[in-house]
>>> print(open('work32.txt').read())   # compact mmCIF, C-alpha atoms
# COMPACT_ATOMS: atom_id res chain seq x y z
CA MET A 278 17.91 -34.57 -3.85
CA SER A 279 18.58 -30.93 -4.40
CA ARG A 280 20.76 -28.64 -2.43
CA THR A 281 19.54 -25.38 -1.10
CA ASP A 282 21.06 -22.33 -2.59
CA LEU A 283 22.95 -20.85 0.33
CA SER A 284 24.37 -18.00 -1.67
CA ARG A 285 23.39 -14.49 -0.71
CA GLU A 286 20.52 -14.45 -3.18
CA GLY A 287 19.39 -17.91 -2.16
CA LEU A 288 19.33 -16.98 1.51
CA LEU A 289 17.45 -13.77 0.84
CA ALA A 290 14.89 -15.77 -1.12
CA LEU A 291 14.47 -18.05 1.92
CA VAL A 292 13.99 -14.98 4.11
CA ARG A 293 11.29 -13.74 1.74
CA ARG A 294 9.51 -17.06 1.83
CA ALA A 295 9.72 -17.24 5.61
CA TYR A 296 8.10 -13.82 6.05
CA GLN A 297 5.50 -14.43 3.38
CA ASP A 298 4.49 -17.53 5.36
CA HIS A 299 4.65 -16.07 8.83
CA ASP A 300 3.55 -12.49 8.41
CA PRO A 301 1.43 -12.56 5.27
CA VAL A 302 -0.06 -9.49 3.66
CA PRO A 303 -3.56 -9.05 5.14
CA ASP A 304 -6.47 -10.15 2.99
CA ASP A 305 -7.96 -7.31 1.01
CA LEU A 306 -5.10 -4.92 1.69
CA VAL A 307 -4.38 -4.66 -2.03
CA ALA A 308 -8.06 -4.06 -2.83
CA ARG A 309 -8.35 -1.43 -0.12
CA MET A 310 -5.26 0.38 -1.33
CA GLN A 311 -6.55 0.24 -4.91
CA ALA A 312 -9.78 1.91 -3.77
CA VAL A 313 -7.89 4.58 -1.83
CA VAL A 314 -5.62 5.32 -4.75
CA ALA A 315 -8.46 5.42 -7.28
CA ALA A 316 -10.34 7.93 -5.11
CA GLU A 317 -7.23 10.06 -4.71
CA VAL A 318 -6.69 10.14 -8.47
CA VAL A 319 -10.24 11.40 -8.98
CA LEU A 320 -9.61 14.01 -6.32
CA ALA A 321 -6.31 15.06 -7.84
CA ASP A 322 -8.14 15.77 -11.10
CA THR A 323 -10.44 18.25 -9.38
CA ASP A 324 -9.24 21.60 -8.20
CA LEU A 325 -9.44 20.67 -4.54
CA ASP A 326 -6.03 21.47 -3.19
CA TYR A 327 -5.90 20.06 0.31
CA GLU A 328 -3.25 19.33 2.90
CA LEU A 329 -3.06 15.69 3.90
CA MET A 330 -3.43 15.14 7.62
CA LEU A 331 -1.66 12.15 9.09
CA LEU A 332 -3.07 9.69 11.55
CA VAL A 333 -0.95 9.90 14.68
CA ASP A 334 -2.96 8.02 17.22
CA ARG A 335 -5.67 5.44 17.39
CA SER A 336 -7.26 4.11 20.51
CA THR A 337 -10.09 1.70 21.02
CA GLU A 338 -12.34 2.01 24.00
CA LEU A 339 -13.84 -0.96 25.72
CA ALA A 340 -17.09 -1.87 24.07
CA GLY A 341 -19.92 0.00 25.68
CA ALA A 342 -23.33 -1.23 26.60
CA ARG A 343 -25.59 -3.02 24.15
CA GLY A 344 -23.01 -3.85 21.56
CA THR A 345 -21.77 -0.36 20.87
CA ALA A 346 -18.12 0.14 19.98
CA ALA A 347 -16.07 3.30 20.10
CA TYR A 348 -12.64 4.44 19.12
CA THR A 349 -10.77 7.66 18.78
CA LEU A 350 -8.51 8.78 15.97
CA ARG A 351 -6.16 11.72 16.09
CA PHE A 352 -4.95 13.32 12.89
CA THR A 353 -2.52 16.14 12.61
CA HIS A 354 -1.05 18.54 10.11
CA ASP A 355 1.35 21.26 11.15
CA GLU A 356 -0.30 22.99 14.07
CA VAL A 357 -3.78 21.61 13.57
CA ASP A 358 -5.07 18.58 15.44
CA LEU A 359 -8.24 16.75 14.56
CA LEU A 360 -9.76 14.33 17.03
CA VAL A 361 -12.50 12.04 15.83
CA ARG A 362 -14.44 9.76 18.10
CA ALA A 363 -16.42 7.10 16.26
CA VAL A 364 -19.28 5.36 17.99
CA THR A 365 -21.09 2.54 16.26
CA ASP A 366 -24.53 1.66 17.61
CA GLU A 367 -26.20 -1.73 17.64
CA ASP A 368 -27.73 -1.07 14.21
CA GLY A 369 -24.26 -0.74 12.73
CA ARG A 370 -24.55 2.99 12.09
CA THR A 371 -21.67 5.16 13.13
CA ARG A 372 -21.62 8.65 14.55
CA LEU A 373 -18.47 10.74 14.34
CA ASP A 374 -17.81 13.46 16.87
CA GLY A 375 -14.98 15.64 15.76
CA TRP A 376 -13.15 18.56 17.17
CA LEU A 377 -10.37 20.69 15.85
CA ALA A 378 -7.65 22.22 17.94
CA PRO A 379 -7.08 25.07 17.69
CA PRO A 380 -10.79 25.54 16.94
CA VAL A 381 -11.51 26.52 13.35
CA ALA A 382 -14.88 26.96 11.66
CA VAL A 383 -15.05 24.41 8.86
CA THR A 384 -17.35 22.58 6.53
CA VAL A 385 -16.79 18.84 6.86
CA ARG A 386 -17.52 16.24 4.21
CA ALA A 387 -17.33 12.50 4.92
CA VAL A 388 -16.62 10.85 1.57
CA GLY A 389 -16.83 7.10 1.12
CA VAL A 390 -13.92 5.15 -0.39
CA PRO A 391 -14.75 4.20 -3.02
CA ASP A 392 -16.88 7.30 -3.44
CA GLU A 393 -20.50 6.31 -3.89
CA GLY A 394 -21.35 9.89 -4.67
CA SER A 395 -23.32 10.90 -1.59
CA PRO A 396 -21.01 12.55 0.89
CA VAL A 397 -22.38 13.38 4.32
CA GLU A 398 -21.81 16.99 5.29
CA ALA A 399 -21.61 18.82 8.57
CA SER A 400 -20.09 22.01 9.84
CA ALA A 401 -18.11 23.11 12.83
CA GLY A 402 -18.60 26.54 14.33
CA ALA A 403 -16.03 28.67 16.06
CA ASP A 404 -15.65 25.99 18.74
CA GLY A 405 -14.27 23.61 16.12
CA ARG A 406 -16.72 20.84 16.93
CA PHE A 407 -18.81 18.86 14.50
CA GLU A 408 -20.96 15.78 14.40
CA ILE A 409 -21.70 13.39 11.55
CA THR A 410 -24.31 10.70 12.02
CA GLY A 411 -25.70 7.63 10.33
CA LEU A 412 -22.62 6.42 8.48
CA ALA A 413 -22.82 2.88 7.14
CA PRO A 414 -19.81 0.59 7.65
CA GLY A 415 -17.03 1.21 5.19
CA MET A 416 -13.97 3.33 4.55
CA TYR A 417 -14.25 7.09 4.72
CA ARG A 418 -12.15 10.18 4.37
CA LEU A 419 -12.96 13.52 5.94
CA PHE A 420 -12.37 16.75 4.08
CA LEU A 421 -12.41 19.95 6.08
CA THR A 422 -12.76 23.27 4.34
CA PRO A 423 -12.25 26.29 6.58
CA THR A 424 -14.96 28.92 6.32
CA ASP A 425 -12.22 31.52 6.18
CA SER A 426 -10.90 31.11 2.66
CA GLY A 427 -7.47 32.18 3.85
CA PHE A 428 -6.87 28.64 5.13
CA THR A 429 -6.08 25.59 3.06
CA PRO A 430 -8.53 22.67 3.19
CA PHE A 431 -7.45 19.53 5.03
CA GLY A 432 -8.12 15.89 4.23
CA THR A 433 -7.61 12.76 6.31
CA PRO A 434 -6.45 9.43 4.97
CA ALA A 435 -9.15 6.79 4.63
CA PHE A 436 -10.15 5.03 7.83
CA GLU A 437 -12.50 2.15 8.36
CA ILE A 438 -15.63 2.29 10.47
CA MET B 216 16.75 -33.38 1.91
CA ARG B 217 14.74 -31.78 -0.79
CA VAL B 218 14.38 -28.09 -0.35
CA MET B 219 11.96 -25.48 -1.63
CA ALA B 220 11.76 -25.78 -5.34
CA HIS B 221 11.33 -22.10 -5.94
CA THR B 222 13.86 -20.35 -3.80
CA THR B 223 14.36 -17.78 -6.50
CA SER B 224 10.93 -17.32 -7.94
CA PRO B 225 11.06 -14.66 -10.62
CA ALA B 226 7.87 -13.21 -9.18
CA GLU B 227 9.85 -12.25 -6.12
CA SER B 228 12.93 -10.68 -7.51
CA GLY B 229 13.58 -8.66 -10.61
CA HIS B 230 10.11 -9.21 -11.97
CA VAL B 231 8.49 -7.07 -9.28
CA TRP B 232 10.52 -4.02 -10.16
CA ALA B 233 10.10 -4.41 -13.90
CA ARG B 234 6.37 -4.81 -13.43
CA ALA B 235 6.20 -1.75 -11.15
CA THR B 236 8.03 0.31 -13.74
CA ALA B 237 5.78 -0.89 -16.57
CA CYS B 238 2.61 -0.15 -14.60
CA PHE B 239 3.81 3.27 -13.50
CA ARG B 240 4.65 4.14 -17.09
CA GLY B 241 1.27 2.74 -18.16
CA TRP B 242 -0.52 4.89 -15.62
CA LEU B 243 1.26 8.04 -16.77
CA ASP B 244 0.30 7.14 -20.34
CA GLY B 245 -3.33 6.73 -19.36
CA ALA B 246 -3.52 2.92 -19.23
CA PRO B 247 -6.42 1.75 -17.10
CA GLY B 248 -6.57 -0.85 -14.36
CA GLU B 249 -4.04 -3.61 -14.05
CA GLU B 250 -1.84 -2.17 -16.78
CA GLY B 251 -1.68 1.06 -14.83
CA LEU B 252 -2.18 2.17 -11.27
CA ASP B 253 -4.13 -0.90 -10.07
CA GLY B 254 -1.31 -3.10 -11.28
CA LEU B 255 1.27 -0.94 -9.55
CA VAL B 256 -0.65 -1.14 -6.27
CA ARG B 257 -1.04 -4.90 -6.67
CA VAL B 258 2.63 -5.61 -7.27
CA MET B 259 4.08 -3.14 -4.75
CA THR B 260 1.70 -3.32 -1.77
CA PRO B 261 3.08 -6.69 -0.59
CA VAL B 262 6.63 -5.35 -0.81
CA LEU B 263 5.64 -2.29 1.21
CA TRP B 264 3.95 -4.52 3.79
CA HIS B 265 7.13 -6.45 4.49
CA VAL B 266 9.31 -3.37 4.54
CA VAL B 267 7.00 -1.48 6.88
CA ARG B 268 6.47 -4.43 9.22
CA SER B 269 10.20 -4.64 9.79
CA TYR B 270 9.78 -1.39 11.73
CA ARG B 271 7.77 -3.22 14.40
CA LEU B 272 4.47 -1.56 13.64
CA ASP B 273 1.24 -3.33 14.43
CA GLN B 274 -1.06 -4.24 11.58
CA GLU B 275 -3.21 -1.10 11.66
CA ALA B 276 -0.26 1.23 11.91
CA ALA B 277 1.45 -0.62 9.07
CA GLU B 278 -1.62 -0.24 6.88
CA ASP B 279 -1.79 3.47 7.66
CA VAL B 280 1.83 3.89 6.60
CA ILE B 281 1.17 2.03 3.37
CA GLN B 282 -1.85 4.19 2.64
CA THR B 283 0.14 7.36 3.30
CA THR B 284 2.76 6.10 0.87
CA TRP B 285 0.22 5.54 -1.89
CA LEU B 286 -1.42 8.92 -1.33
CA ALA B 287 2.00 10.51 -1.53
CA LEU B 288 2.62 8.79 -4.86
CA VAL B 289 -0.58 10.16 -6.38
CA ARG B 290 0.16 13.62 -5.07
CA ARG B 291 3.81 13.68 -6.07
CA ARG B 292 3.96 11.52 -9.15
CA GLU B 293 5.57 14.31 -11.15
CA SER B 294 8.58 14.23 -8.88
CA ILE B 295 9.50 10.76 -10.17
CA LYS B 296 11.39 11.60 -13.31
CA ASP B 297 12.48 8.08 -14.17
CA PRO B 298 9.72 5.44 -14.13
CA ALA B 299 12.32 2.80 -13.27
CA ALA B 300 12.77 4.56 -9.94
CA VAL B 301 9.17 4.13 -8.82
CA GLY B 302 9.75 0.96 -6.79
CA GLY B 303 12.61 2.52 -4.86
CA TRP B 304 10.67 5.73 -4.39
CA LEU B 305 7.78 3.79 -2.84
CA THR B 306 9.90 1.66 -0.51
CA THR B 307 11.95 4.65 0.60
CA THR B 308 8.85 6.74 1.28
CA ALA B 309 7.26 3.87 3.21
CA ARG B 310 10.42 3.23 5.22
CA ARG B 311 10.76 6.85 6.26
CA GLU B 312 7.12 7.08 7.21
CA ALA B 313 7.34 3.81 9.17
CA TRP B 314 10.37 5.10 10.99
CA ARG B 315 8.64 8.39 11.80
CA VAL B 316 5.56 6.61 13.15
CA ARG B 317 7.73 4.26 15.12
CA GLN B 318 9.71 7.11 16.67
CA ARG B 319 6.56 8.79 17.82
CA ALA B 320 5.16 5.55 19.24
CA ALA B 321 8.41 4.95 21.09
CA ARG B 322 8.22 8.40 22.64
CA ALA B 323 4.62 7.97 23.69
CA VAL B 324 4.74 4.52 25.26
CA PRO B 325 7.65 2.25 26.01
CA VAL B 326 6.73 -0.70 23.87
CA GLU B 327 7.26 -4.29 24.82
CA GLU B 328 8.92 -5.56 21.68
CA GLU B 329 7.48 -9.01 21.91
CA GLU B 330 3.99 -7.68 22.30
CA ILE B 331 3.89 -6.43 18.77
CA SER B 332 5.97 -9.11 17.18
CA PHE B 333 4.44 -10.59 14.12
CA ARG B 334 3.93 -14.19 15.06
CA LEU B 335 0.84 -15.00 13.16
CA PRO B 336 0.65 -18.75 13.34
CA GLN B 337 -0.86 -19.99 10.15
CA GLN B 338 -4.06 -21.90 10.74
CA LYS B 339 -3.67 -25.31 9.26
CA SER B 340 -5.64 -28.48 9.53
CA ALA B 341 -3.88 -31.35 11.19
CA GLU B 342 -3.92 -33.15 7.89
CA SER B 343 -2.32 -30.40 5.84
CA ALA B 344 0.17 -29.77 8.58
CA ALA B 345 1.13 -33.41 8.49
CA VAL B 346 1.41 -33.43 4.73
CA GLU B 347 3.52 -30.32 4.66
CA SER B 348 7.16 -30.95 5.04
CA ASP B 349 8.61 -29.53 8.21
CA GLU B 350 11.11 -27.73 6.07
CA ARG B 351 9.28 -24.42 6.18
CA VAL B 352 8.92 -24.67 9.92
CA ARG B 353 12.62 -25.25 10.27
CA ILE B 354 13.50 -22.43 7.92
CA TRP B 355 11.34 -20.07 9.92
CA ALA B 356 12.87 -21.35 13.13
CA ALA B 357 16.31 -20.56 11.73
CA VAL B 358 15.26 -17.04 10.72
CA ASP B 359 13.63 -16.57 14.10
CA THR B 360 16.78 -17.45 16.03
CA LEU B 361 18.62 -14.50 14.50
CA PRO B 362 19.14 -11.39 16.62
CA GLU B 363 16.45 -8.81 16.09
CA ARG B 364 18.65 -6.40 14.19
CA CYS B 365 19.50 -9.22 11.78
CA ARG B 366 15.86 -10.09 11.23
CA ARG B 367 14.93 -6.50 10.52
CA LEU B 368 17.86 -5.82 8.23
CA LEU B 369 17.51 -9.07 6.29
CA ARG B 370 13.80 -8.56 5.82
CA ILE B 371 14.40 -5.12 4.35
CA VAL B 372 17.22 -6.30 2.13
CA ALA B 373 15.22 -9.35 1.02
CA PHE B 374 12.19 -7.38 -0.11
CA GLU B 375 13.73 -4.18 -1.40
CA ASN B 376 15.63 -3.65 -4.57
CA ARG B 377 19.14 -2.50 -3.67
CA PRO B 378 18.05 -0.13 -0.92
CA ASP B 379 20.14 2.91 -0.21
CA TYR B 380 22.25 1.91 2.78
CA THR B 381 22.55 5.45 4.05
CA GLN B 382 18.80 5.66 4.46
CA VAL B 383 18.49 2.14 5.80
CA ALA B 384 21.12 2.92 8.41
CA GLU B 385 19.36 6.09 9.45
CA THR B 386 16.03 4.37 9.94
CA LEU B 387 17.46 1.33 11.72
CA ASP B 388 19.63 3.49 13.99
CA MET B 389 22.78 1.81 12.78
CA PRO B 390 26.01 3.44 11.58
CA VAL B 391 26.06 3.68 7.78
CA GLY B 392 29.31 1.82 7.41
CA SER B 393 28.04 -1.11 9.41
CA ILE B 394 25.14 -2.10 7.19
CA GLY B 395 27.16 -4.05 4.64
CA PRO B 396 29.24 -5.96 7.21
CA THR B 397 26.18 -6.55 9.42
CA ARG B 398 24.26 -7.93 6.49
CA GLY B 399 27.16 -10.26 5.77
CA ARG B 400 27.33 -11.47 9.37
CA CYS B 401 23.57 -11.94 9.53
CA LEU B 402 23.55 -14.01 6.36
CA ALA B 403 26.40 -16.11 7.74
CA LYS B 404 24.45 -16.70 10.96
CA LEU B 405 21.41 -17.69 8.98
CA ARG B 406 23.44 -20.12 6.91
CA VAL B 407 24.79 -21.76 10.06
CA ALA B 408 21.37 -21.89 11.69
CA LEU B 409 19.88 -23.52 8.60
CA LEU B 410 22.59 -26.13 8.43
CA GLN B 411 22.46 -26.88 12.16
CA SER B 412 18.70 -27.25 12.21
CA GLY B 413 18.77 -29.70 9.35
CA ALA B 414 16.41 -27.45 7.44
CA VAL B 415 18.72 -27.64 4.48
CA SER B 416 21.48 -29.85 3.28
>>> encode(input="work32.txt", output="structure tokens")
Amino acid sequence: MSRTDLSREGLLALVRRAYQDHDPVPDDLVARMQAVVAAEVVLADTDLDYELMLLVDRSTELAGARGTAAYTLRFTHDEVDLLVRAVTDEDGRTRLDGWLAPPVAVTVRAVGVPDEGSPVEASAGADGRFEITGLAPGMYRLFLTPTDSGFTPFGTPAFEI
Amino acid sequence: MRVMAHTTSPAESGHVWARATACFRGWLDGAPGEEGLDGLVRVMTPVLWHVVRSYRLDQEAAEDVIQTTWLALVRRRESIKDPAAVGGWLTTTARREAWRVRQRAARAVPVEEEEISFRLPQQKSAESAAVESDERVRIWAAVDTLPERCRRLLRIVAFENRPDYTQVAETLDMPVGSIGPTRGRCLAKLRVALLQSGAVS
């Protein structure tokens, strides 16, 4: 019969165990973060100097007809907002509709994480809108390079579709 | 009553920070995989999870905060002069980001606290549930009876390595000077709850 260690360290160890049991780290989180980090290291070794946008909002719409699903992500950096609506059709392919506010003409690249080497490109005109189609399920990051070289490129964190 | 054999598993205390330091140093020296960055992500992601979740973020928001933290590390690795500081740098960055996200969420929608609480009942077969001692259940019950501020503070203190109390206070909206005494009171409450529930002897 052993006694529990009710010292400060012993109690904190019990707290750790309790949370590890009741709010465990999601499956695959480590693997996903390793993929994100590996891709970022590759990127850091190139000369692409981009500003990281942060995800500030995520909303899921009720599933539409015929098994389609849609959600909207909002990213922001300084004064620039990027809204992305992702719609997945019944074949599992996803279309991204994006718009930038204020509108900026940009080239957009959707890069897989991990990067399989075939980014999907699109461009937004002066209205700041773009469309990317046919994305397979997976994690992606968007990189937006303004046509006007006076602006710094932006990149989103990875998101899953 | 016999109680958890490994209340102070080395994998959960000092080992984490030593491993994080070794992997960070390995990465800077060009070591691949688990001796470098992959190893650092593997050992620190669970710590970041528990720290970030104490800020009442749902699972997706918590994962976003953790990703932001890792991207920040890659982008700002040169700012960490002492490899031994990498664990603290990561938890501090994650905590600030979690707080920031939480502030914004609180402004946008008044959140029902219980709605996003992290009760994730573990799925267990009747058999394994029967075999398992009810000790863990009772220990959780004791933790769960604590006031919310106690649960959040103890979770942070349990998973972090000597966190800076000034920053913890700021992000928990508590006065700096109260963190130490509050921690002491919360631990005392936990001790009493454990003894009363019969979870421990």
>>> closest_atom_pairs(input="work32.txt", of="stretch 286-320 of chain A", to="stretch 418-437 of chain A", cutoff="10 Å", atoms="all atoms listed in the file", output="JSON lines")
{"residue": "A:Arg309", "atom": "CA", "partner": "A:Ala435", "partner_atom": "CA", "distance": 9.5}
{"residue": "A:Met310", "atom": "CA", "partner": "A:Ala435", "partner_atom": "CA", "distance": 9.6}
{"residue": "A:Ala312", "atom": "CA", "partner": "A:Ala435", "partner_atom": "CA", "distance": 9.7}
{"residue": "A:Val313", "atom": "CA", "partner": "A:Ala435", "partner_atom": "CA", "distance": 6.9}
{"residue": "A:Ala316", "atom": "CA", "partner": "A:Ala435", "partner_atom": "CA", "distance": 9.9}
{"residue": "A:Glu317", "atom": "CA", "partner": "A:Pro434", "partner_atom": "CA", "distance": 9.7}
>>> atom_distance(input="work32.txt", atom1="atom CA of A:Gly415", atom2="atom CA of B:Gln282")
15.7 Å
>>> residues_near_point(input="work32.txt", point="(4.6, -19.2, 6.8)", cutoff="8 Å", atoms="all atoms listed in the file", output="ChimeraX atom specification")
/A:294-301 /B:336-337,351-352,355
>>> atom_distance(input="work32.txt", atom1="atom CA of B:Gln274", atom2="atom CA of B:Arg398")
26.1 Å
>>> closest_residue(input="work32.txt", among="B:Gly254, B:Cys365, B:Gln382, B:Phe374", to="B:Gly399", atoms="all atoms listed in the file")
B:Cys365
>>> residues_around(input="work32.txt", residues="B:Ser412", least_positions_apart="4", cutoff="12 Å", atoms="all atoms listed in the file", output="number ranges by chain")
B: 349-360, 405-408, 416
>>> atom_distance(input="work32.txt", atom1="atom CA of A:Trp376", atom2="atom CA of B:Arg311")
28.8 Å
>>> closest_residue(input="work32.txt", among="B:Ala276, B:Cys401, B:Val301, B:Val258", to="B:Val289", atoms="only C-alpha atoms")
B:Val301
>>> closest_residue(input="work32.txt", among="B:His265, B:Arg310, B:Arg377, B:Arg292", to="chain A", atoms="all atoms listed in the file")
B:His265
>>> closest_residue(input="work32.txt", among="A:Ala413, A:Ala387, A:Val381, A:Leu329", to="A:Asp368", atoms="all atoms listed in the file")
A:Ala413
>>> residues_near_point(input="work32.txt", point="(14.7, -5.7, -1.7)", cutoff="12 Å", atoms="all atoms listed in the file", output="PyMOL selection string")
(chain A and resi 286+289-290+292-293) or (chain B and resi 227-232+259+261-263+265-266+302-303+305-307+368-380+383)
>>> closest_residue(input="work32.txt", among="B:Ala300, B:Leu361, B:Val316, B:Leu243", to="chain A", atoms="all atoms listed in the file")
B:Val316
>>> closest_residue(input="work32.txt", among="A:Asp304, A:Arg362, A:Gly405, A:Leu332", to="chain B", atoms="all atoms listed in the file")
A:Leu332
>>> axis_aligned_box(input="work32.txt", around="stretch 424-428 of chain A", padding_each_side="3 Å", output="AutoDock Vina command-line options")
--center_x -10.9 --center_y 30.4 --center_z 4.5 --size_x 14.1 --size_y 9.5 --size_z 9.7
>>> decode(input="work32.txt", residues="stretch 321-377 of chain A", atoms="C-alpha atoms", output="PDB file, in the first residue's frame")
ATOM      1  CA  ALA A 321      12.540  29.979 -44.836  1.00  0.00           C
ATOM      2  CA  ASP A 322      15.475  28.736 -46.908  1.00  0.00           C
ATOM      3  CA  THR A 323      14.094  30.373 -50.035  1.00  0.00           C
ATOM      4  CA  ASP A 324      14.084  34.095 -50.506  1.00  0.00           C
ATOM      5  CA  LEU A 325      10.330  34.390 -50.106  1.00  0.00           C
ATOM      6  CA  ASP A 326       9.892  36.977 -47.424  1.00  0.00           C
ATOM      7  CA  TYR A 327       6.229  36.972 -46.510  1.00  0.00           C
ATOM      8  CA  GLU A 328       4.061  38.340 -43.735  1.00  0.00           C
ATOM      9  CA  LEU A 329       2.187  35.674 -41.817  1.00  0.00           C
ATOM     10  CA  MET A 330      -1.556  36.236 -41.745  1.00  0.00           C
ATOM     11  CA  LEU A 331      -3.418  34.958 -38.724  1.00  0.00           C
ATOM     12  CA  LEU A 332      -6.651  33.063 -38.713  1.00  0.00           C
ATOM     13  CA  VAL A 333      -9.174  35.169 -36.822  1.00  0.00           C
ATOM     14  CA  ASP A 334     -12.444  33.521 -37.614  1.00  0.00           C
ATOM     15  CA  ARG A 335     -13.784  30.226 -38.792  1.00  0.00           C
ATOM     16  CA  SER A 336     -17.383  29.410 -39.443  1.00  0.00           C
ATOM     17  CA  THR A 337     -19.024  26.314 -40.788  1.00  0.00           C
ATOM     18  CA  GLU A 338     -22.173  26.548 -42.807  1.00  0.00           C
ATOM     19  CA  LEU A 339     -24.858  23.951 -42.671  1.00  0.00           C
ATOM     20  CA  ALA A 340     -24.130  21.239 -45.166  1.00  0.00           C
ATOM     21  CA  GLY A 341     -25.675  22.098 -48.481  1.00  0.00           C
ATOM     22  CA  ALA A 342     -27.497  19.883 -50.878  1.00  0.00           C
ATOM     23  CA  ARG A 343     -26.064  16.605 -52.122  1.00  0.00           C
ATOM     24  CA  GLY A 344     -23.361  16.203 -49.557  1.00  0.00           C
ATOM     25  CA  THR A 345     -21.561  19.458 -50.128  1.00  0.00           C
ATOM     26  CA  ALA A 346     -19.918  21.182 -47.181  1.00  0.00           C
ATOM     27  CA  ALA A 347     -18.816  24.767 -46.854  1.00  0.00           C
ATOM     28  CA  TYR A 348     -16.964  26.906 -44.400  1.00  0.00           C
ATOM     29  CA  THR A 349     -15.443  30.321 -44.275  1.00  0.00           C
ATOM     30  CA  LEU A 350     -12.068  31.349 -42.916  1.00  0.00           C
ATOM     31  CA  ARG A 351     -10.973  34.877 -42.221  1.00  0.00           C
ATOM     32  CA  PHE A 352      -7.296  35.732 -42.023  1.00  0.00           C
ATOM     33  CA  THR A 353      -5.840  39.079 -41.219  1.00  0.00           C
ATOM     34  CA  HIS A 354      -2.573  40.932 -41.143  1.00  0.00           C
ATOM     35  CA  ASP A 355      -2.399  44.603 -40.269  1.00  0.00           C
ATOM     36  CA  GLU A 356      -4.999  46.272 -42.422  1.00  0.00           C
ATOM     37  CA  VAL A 357      -5.526  43.437 -44.864  1.00  0.00           C
ATOM     38  CA  ASP A 358      -8.343  40.929 -44.506  1.00  0.00           C
ATOM     39  CA  LEU A 359      -8.568  37.723 -46.474  1.00  0.00           C
ATOM     40  CA  LEU A 360     -11.829  35.818 -46.590  1.00  0.00           C
ATOM     41  CA  VAL A 361     -11.799  32.318 -47.973  1.00  0.00           C
ATOM     42  CA  ARG A 362     -14.913  30.279 -48.530  1.00  0.00           C
ATOM     43  CA  ALA A 363     -14.235  26.594 -49.091  1.00  0.00           C
ATOM     44  CA  VAL A 364     -16.861  24.432 -50.728  1.00  0.00           C
ATOM     45  CA  THR A 365     -16.302  20.716 -51.066  1.00  0.00           C
ATOM     46  CA  ASP A 366     -18.434  18.915 -53.633  1.00  0.00           C
ATOM     47  CA  GLU A 367     -19.668  15.347 -53.513  1.00  0.00           C
ATOM     48  CA  ASP A 368     -16.523  14.136 -55.303  1.00  0.00           C
ATOM     49  CA  GLY A 369     -14.408  15.452 -52.460  1.00  0.00           C
ATOM     50  CA  ARG A 370     -12.860  18.260 -54.489  1.00  0.00           C
ATOM     51  CA  THR A 371     -12.749  21.670 -52.931  1.00  0.00           C
ATOM     52  CA  ARG A 372     -13.150  25.083 -54.467  1.00  0.00           C
ATOM     53  CA  LEU A 373     -11.828  28.145 -52.678  1.00  0.00           C
ATOM     54  CA  ASP A 374     -13.383  31.532 -53.286  1.00  0.00           C
ATOM     55  CA  GLY A 375     -11.233  34.247 -51.858  1.00  0.00           C
ATOM     56  CA  TRP A 376     -11.459  37.955 -51.556  1.00  0.00           C
ATOM     57  CA  LEU A 377      -9.137  40.530 -50.159  1.00  0.00           C
TER      58      LEU A 377
END
